[in-house]
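Here's the structure we're looking at; comments come further down.
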Amino acid sequence: MKLPLNMLAQMRAATRNLLGSGPAAATEAIQQALSAAGLAPQAASTQQQPMRDINQPPAPPPAQPSAATQPQADAAPPTPAQAAQDFAQDFMARLGVPAGLGQHSFDMPSFELPNFHPSGFNAPAATPAEVPAGAQFIDGVYRNHAGTRSYKLYIPSSYHGQAMPLIVMLHGCTQNPDDFAAGTQMNALAEEKECFVVYPAQTQGANSSRCWNWFNAIDQQRDQGEPSLIAGIARQVIDDYPVNEREVFVAGLSAGGAMAVIVGTLYPDLFAAVGVHSGLPFASAQDLPSALAAMKGGAMPNAQRKAPAGGVPIIVFHGDRDTTVNPRNGDELIAQGVRSQAGGKAAKAASVDGSVPNGHRYTRTTHSQADGSPLGEHWVIHGAGHAWSGGSDNGSYTDGKGPDASREMLRFFKTVS
């Protein structure tokens, strides 16, 4: 479900919230908001730029400007207020919003950055990996009052009717189940660890960049919107296969990580733990301006980010060079998750530094109750950006320099089940 918003009013609100008042501050705020969303500001313009193609046709010779189009030598430069307005119009054009339109439905721009895939900006979709003999990677569909979502379910070759854990994997923006499976290598781990893995697929109709709509208020409520669809997919797999219902987990990347937090928070009776890579805290945004602010650095007051008490254990990965979702979101996310479980009681924390051979250094902090029961883990990956740690370059937005987030998530899930 999409929220109808007055985009220009929202951008003005973002300006006031981020940088106070004044035209010059407004211009700077919008420039920073565009940058935070991965959309570099352009020169003031209300016209959307065409996408580049790998094999562009030869450019026609430049037309000679007429007297009517010649720039005026004595034309006054745009005022700061006009520049801010132009940036706002350019921002709306990038979202596909026609200029001059009042109320809009909007899609969150893609979280992902172009430089994390070896093939470049317009990286091709991942080719589905070969399925081992005896294993299956099958398509499914789930429908409820909130809509319809397809999914892919991996059934390992070791399955012979016995009960096994279930992992729900939520892809990031621009991705799909095949791409996410290839990048995270979760299917190979499912073969090794003997578990089902289901990959819900976001539709372009729900979000043009296939982002999960973590920033929509309706998609932060139990039995509403996308949380109801994701929980419904998990329940459909549980109904169809002998899943161990005490070992159902949800994990995701970026927008998928933010949605995994929401789903795990709203359905603690269904999910035993949550895994988040490069995501954001529960209900960290309610609309586009607050989403941009949260991505930029967690601008919403902590009081508005409180998750319901009685949460589930959580493992968080975040690169400290992530310029798409500020690493402070990882700090806030683990603090929120531990606080919701501890119920006011003191939690123990212990940190250790490590490194991957020829790869990244990391700091791993564990949080536990007084009796040693795990509450959460926080992995800060030094030098890493906005990409799945330890993933394969067969998928998009991965960083093969480790540590292996997929393996560590499954290890953590096993300790809390």
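By order of appearance in the structure tokens: chains A, B, ..., then residues from 1 within every chain, and ligands from 1 in the order shown.
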
**Request:** Would you mind writing down, as a ChimeraX atom specification, each residue of stretch 94-284 of chain A that DSSP on the backbone assigns to strand (DSSP E or B)?
**Result:** /A:103-105,136-144,147-155,164-170,196-200,243-253,273-277

Per-residue nearest contacts stretch 377-404 of chain A to stretch 249-253 of chain A, cut-off 12 Å, using only C-alpha atoms, as a tab-separated table:
residue	atom	partner	partner_atom	distance
A:His386	CA	A:Leu253	CA	9.2
A:Ala387	CA	A:Leu253	CA	8.1
A:Trp388	CA	A:Leu253	CA	7.1
A:Ser389	CA	A:Leu253	CA	10.2
A:Gly391	CA	A:Leu253	CA	11.7
A:Ser396	CA	A:Leu253	CA	11.4
A:Tyr397	CA	A:Leu253	CA	9.4
A:Thr398	CA	A:Leu253	CA	10.3

Selection to disk with C-alpha atoms, as a PDB file, in the first residue's frame:
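After the write, result.pdb holds the following:
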ATOM      1  CA  HIS A 386      26.431  -1.070   1.958  1.00  0.00           C
ATOM      2  CA  ALA A 387      26.678  -4.726   0.952  1.00  0.00           C
ATOM      3  CA  TRP A 388      26.093  -8.251   2.316  1.00  0.00           C
ATOM      4  CA  SER A 389      29.247  -9.264   4.177  1.00  0.00           C
ATOM      5  CA  GLY A 391      28.534 -12.790   0.055  1.00  0.00           C
ATOM      6  CA  SER A 396      24.360  -7.988  -6.341  1.00  0.00           C
ATOM      7  CA  TYR A 397      25.435  -5.806  -3.399  1.00  0.00           C
ATOM      8  CA  THR A 398      27.842  -8.231  -1.793  1.00  0.00           C
TER       9      THR A 398
END

**Request:** Name the closest residue to A:Lys345 among the candidates A:Val380, A:Val312, A:Ala231, A:Ala370; distances are taken between atoms, counting only C-alpha atoms.
**Result:** A:Ala370

**Request:** Find the spatial neighbours of stretch 146-160 of chain A, counting only C-alpha atoms, within a cut-off of 7 Å - ignore same-chain residues fewer than 6 positions away - and output them as a PyMOL selection string.
**Result:** chain A and resi 133-140+177+187+190-191+194-202+224-225+229

Keeping only N, CA and C atoms, take the residues you just selected and write them out as a compact mmCIF listing (two decimals), in the first residue's frame.
# COMPACT_ATOMS: atom_id res chain seq x y z
N ALA A 133 21.26 -32.16 -6.83
CA ALA A 133 20.37 -33.30 -7.06
C ALA A 133 19.58 -33.59 -5.79
N GLY A 134 18.28 -33.71 -5.94
CA GLY A 134 17.42 -34.00 -4.81
C GLY A 134 16.87 -32.78 -4.12
N ALA A 135 17.45 -31.60 -4.38
CA ALA A 135 16.95 -30.35 -3.80
C ALA A 135 15.94 -29.71 -4.75
N GLN A 136 15.17 -28.75 -4.24
CA GLN A 136 14.19 -28.03 -5.05
C GLN A 136 14.23 -26.54 -4.71
N PHE A 137 14.01 -25.70 -5.72
CA PHE A 137 13.87 -24.26 -5.53
C PHE A 137 12.60 -23.87 -6.27
N ILE A 138 11.48 -23.87 -5.55
CA ILE A 138 10.16 -23.82 -6.18
C ILE A 138 9.47 -22.48 -5.97
N ASP A 139 8.56 -22.17 -6.87
CA ASP A 139 7.80 -20.93 -6.81
C ASP A 139 6.52 -21.13 -6.00
N GLY A 140 6.11 -20.06 -5.33
CA GLY A 140 4.85 -20.07 -4.60
C GLY A 140 4.21 -18.69 -4.63
N PRO A 177 14.37 -12.78 -5.49
CA PRO A 177 14.78 -13.98 -4.75
C PRO A 177 16.00 -14.68 -5.33
N ASN A 187 21.20 -20.75 0.25
CA ASN A 187 20.75 -22.08 -0.15
C ASN A 187 21.85 -23.13 0.09
N ALA A 190 21.75 -23.91 3.58
CA ALA A 190 20.58 -24.73 3.90
C ALA A 190 20.86 -26.20 3.64
N GLU A 191 21.65 -26.48 2.60
CA GLU A 191 22.07 -27.86 2.35
C GLU A 191 22.91 -28.38 3.51
N GLU A 194 20.63 -28.10 6.94
CA GLU A 194 19.33 -28.77 6.83
C GLU A 194 18.19 -27.87 7.32
N CYS A 195 17.84 -26.91 6.49
CA CYS A 195 16.73 -26.02 6.81
C CYS A 195 16.05 -25.57 5.53
N PHE A 196 14.80 -25.12 5.66
CA PHE A 196 14.08 -24.50 4.55
C PHE A 196 14.45 -23.02 4.51
N VAL A 197 14.47 -22.46 3.31
CA VAL A 197 14.68 -21.02 3.15
C VAL A 197 13.63 -20.50 2.18
N VAL A 198 12.89 -19.47 2.59
CA VAL A 198 11.87 -18.88 1.73
C VAL A 198 12.23 -17.42 1.46
N TYR A 199 12.09 -17.00 0.20
CA TYR A 199 12.45 -15.66 -0.23
C TYR A 199 11.20 -14.95 -0.78
N PRO A 200 10.49 -14.17 0.04
CA PRO A 200 9.39 -13.37 -0.50
C PRO A 200 9.92 -12.36 -1.51
N ALA A 201 9.10 -12.06 -2.52
CA ALA A 201 9.49 -11.13 -3.58
C ALA A 201 8.63 -9.88 -3.53
N GLN A 202 9.26 -8.72 -3.41
CA GLN A 202 8.52 -7.47 -3.52
C GLN A 202 8.20 -7.21 -4.99
N GLN A 224 -1.39 -6.01 8.98
CA GLN A 224 -1.66 -5.01 7.96
C GLN A 224 -0.50 -4.99 6.96
N GLY A 225 -0.78 -4.58 5.75
CA GLY A 225 0.26 -4.31 4.77
C GLY A 225 1.24 -5.44 4.57
N LEU A 229 1.71 -9.92 4.84
CA LEU A 229 2.04 -10.76 3.69
C LEU A 229 3.26 -11.64 3.99

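Restricting the calculation to only C-alpha atoms, the smallest distance between A:Lys193 and any of A:Thr323, A:Asp331, A:Leu166, A:Asn176 is found for A:Leu166.
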
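The smallest atom-to-atom distance between A:Gln204 and any of A:Pro227, A:Cys173, A:Val261, A:Gly232, using only C-alpha atoms, is found for A:Cys173.
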
**Item:** Those in stretch 103-334 of chain A with helix (DSSP H, G or I) from DSSP, as number ranges by chain
**Value:** A: 114-116, 177-184, 186-193, 217-220, 225-240, 255-266, 288-297, 302-305, 328-334

How about saving the chosen residues, C-alpha atoms kept, as a short mmCIF file (atom, residue, chain, number, x, y, z; two decimals), in the first residue's frame?
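File out.cif, as written:
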data_model
loop_
_atom_site.label_atom_id
_atom_site.label_comp_id
_atom_site.auth_asym_id
_atom_site.auth_seq_id
_atom_site.Cartn_x
_atom_site.Cartn_y
_atom_site.Cartn_z
CA PRO A 114 26.09 1.24 -7.91
CA ASN A 115 29.68 0.52 -6.91
CA PHE A 116 29.13 -2.73 -5.02
CA PRO A 177 14.78 -13.98 -4.75
CA ASP A 178 17.23 -15.52 -7.24
CA ASP A 179 19.64 -12.60 -6.92
CA PHE A 180 19.44 -12.56 -3.12
CA ALA A 181 19.87 -16.32 -2.85
CA ALA A 182 22.92 -16.19 -5.11
CA GLY A 183 24.51 -13.29 -3.23
CA THR A 184 23.94 -14.53 0.32
CA MET A 186 21.91 -19.12 1.92
CA ASN A 187 20.75 -22.08 -0.15
CA ALA A 188 24.20 -23.70 0.08
CA LEU A 189 24.06 -23.22 3.85
CA ALA A 190 20.58 -24.73 3.90
CA GLU A 191 22.07 -27.86 2.35
CA GLU A 192 24.74 -27.94 5.06
CA LYS A 193 22.52 -27.04 8.01
CA ALA A 217 2.92 3.62 8.67
CA ILE A 218 0.51 0.93 7.42
CA ASP A 219 3.48 -1.39 6.85
CA GLN A 220 4.49 -1.12 10.51
CA GLY A 225 0.26 -4.31 4.77
CA GLU A 226 3.51 -6.04 3.97
CA PRO A 227 4.13 -7.49 7.46
CA SER A 228 0.92 -9.49 7.10
CA LEU A 229 2.04 -10.76 3.69
CA ILE A 230 5.49 -11.82 4.92
CA ALA A 231 4.08 -13.49 8.03
CA GLY A 232 1.44 -15.13 5.83
CA ILE A 233 4.12 -16.58 3.54
CA ALA A 234 5.93 -18.05 6.56
CA ARG A 235 2.70 -19.57 7.85
CA GLN A 236 1.85 -20.99 4.43
CA VAL A 237 5.22 -22.80 4.33
CA ILE A 238 4.62 -24.04 7.89
CA ASP A 239 1.23 -25.38 6.82
CA ASP A 240 2.67 -27.10 3.75
CA ALA A 255 15.18 -2.14 3.09
CA GLY A 256 14.69 -5.88 3.64
CA GLY A 257 16.62 -5.62 6.91
CA ALA A 258 14.42 -2.74 8.07
CA MET A 259 11.34 -4.81 7.21
CA ALA A 260 12.78 -7.89 8.97
CA VAL A 261 12.98 -5.81 12.17
CA ILE A 262 9.36 -4.76 11.76
CA VAL A 263 8.12 -8.29 11.07
CA GLY A 264 10.11 -9.83 13.92
CA THR A 265 8.90 -7.13 16.31
CA LEU A 266 5.24 -7.50 15.34
CA LEU A 288 9.68 10.11 3.05
CA PRO A 289 11.36 13.00 4.93
CA SER A 290 11.77 11.00 8.14
CA ALA A 291 13.04 8.04 6.08
CA LEU A 292 15.73 10.20 4.51
CA ALA A 293 16.60 11.61 7.94
CA ALA A 294 16.85 8.11 9.43
CA MET A 295 19.04 6.87 6.58
CA LYS A 296 21.23 9.94 6.97
CA GLY A 297 21.87 9.34 10.63
CA ASN A 302 14.59 7.80 20.46
CA ALA A 303 11.17 8.08 22.12
CA GLN A 304 9.54 7.55 18.73
CA ARG A 305 11.70 4.51 18.03
CA ARG A 328 24.58 4.80 13.66
CA ASN A 329 21.41 2.96 12.67
CA GLY A 330 23.13 -0.31 13.55
CA ASP A 331 24.04 1.06 16.98
CA GLU A 332 20.47 2.22 17.60
CA LEU A 333 19.04 -1.02 16.27
CA ILE A 334 20.98 -3.29 18.62
#

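Compared by their closest atoms to A:Leu375, and using only C-alpha atoms, the residues A:Leu410, A:Ala283, A:Ala206, A:Ala272 rank with A:Ala272 nearest.
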
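In this model, the gap between atom CA of A:Lys401 and atom CA of A:His360 comes to 5.8 Å.
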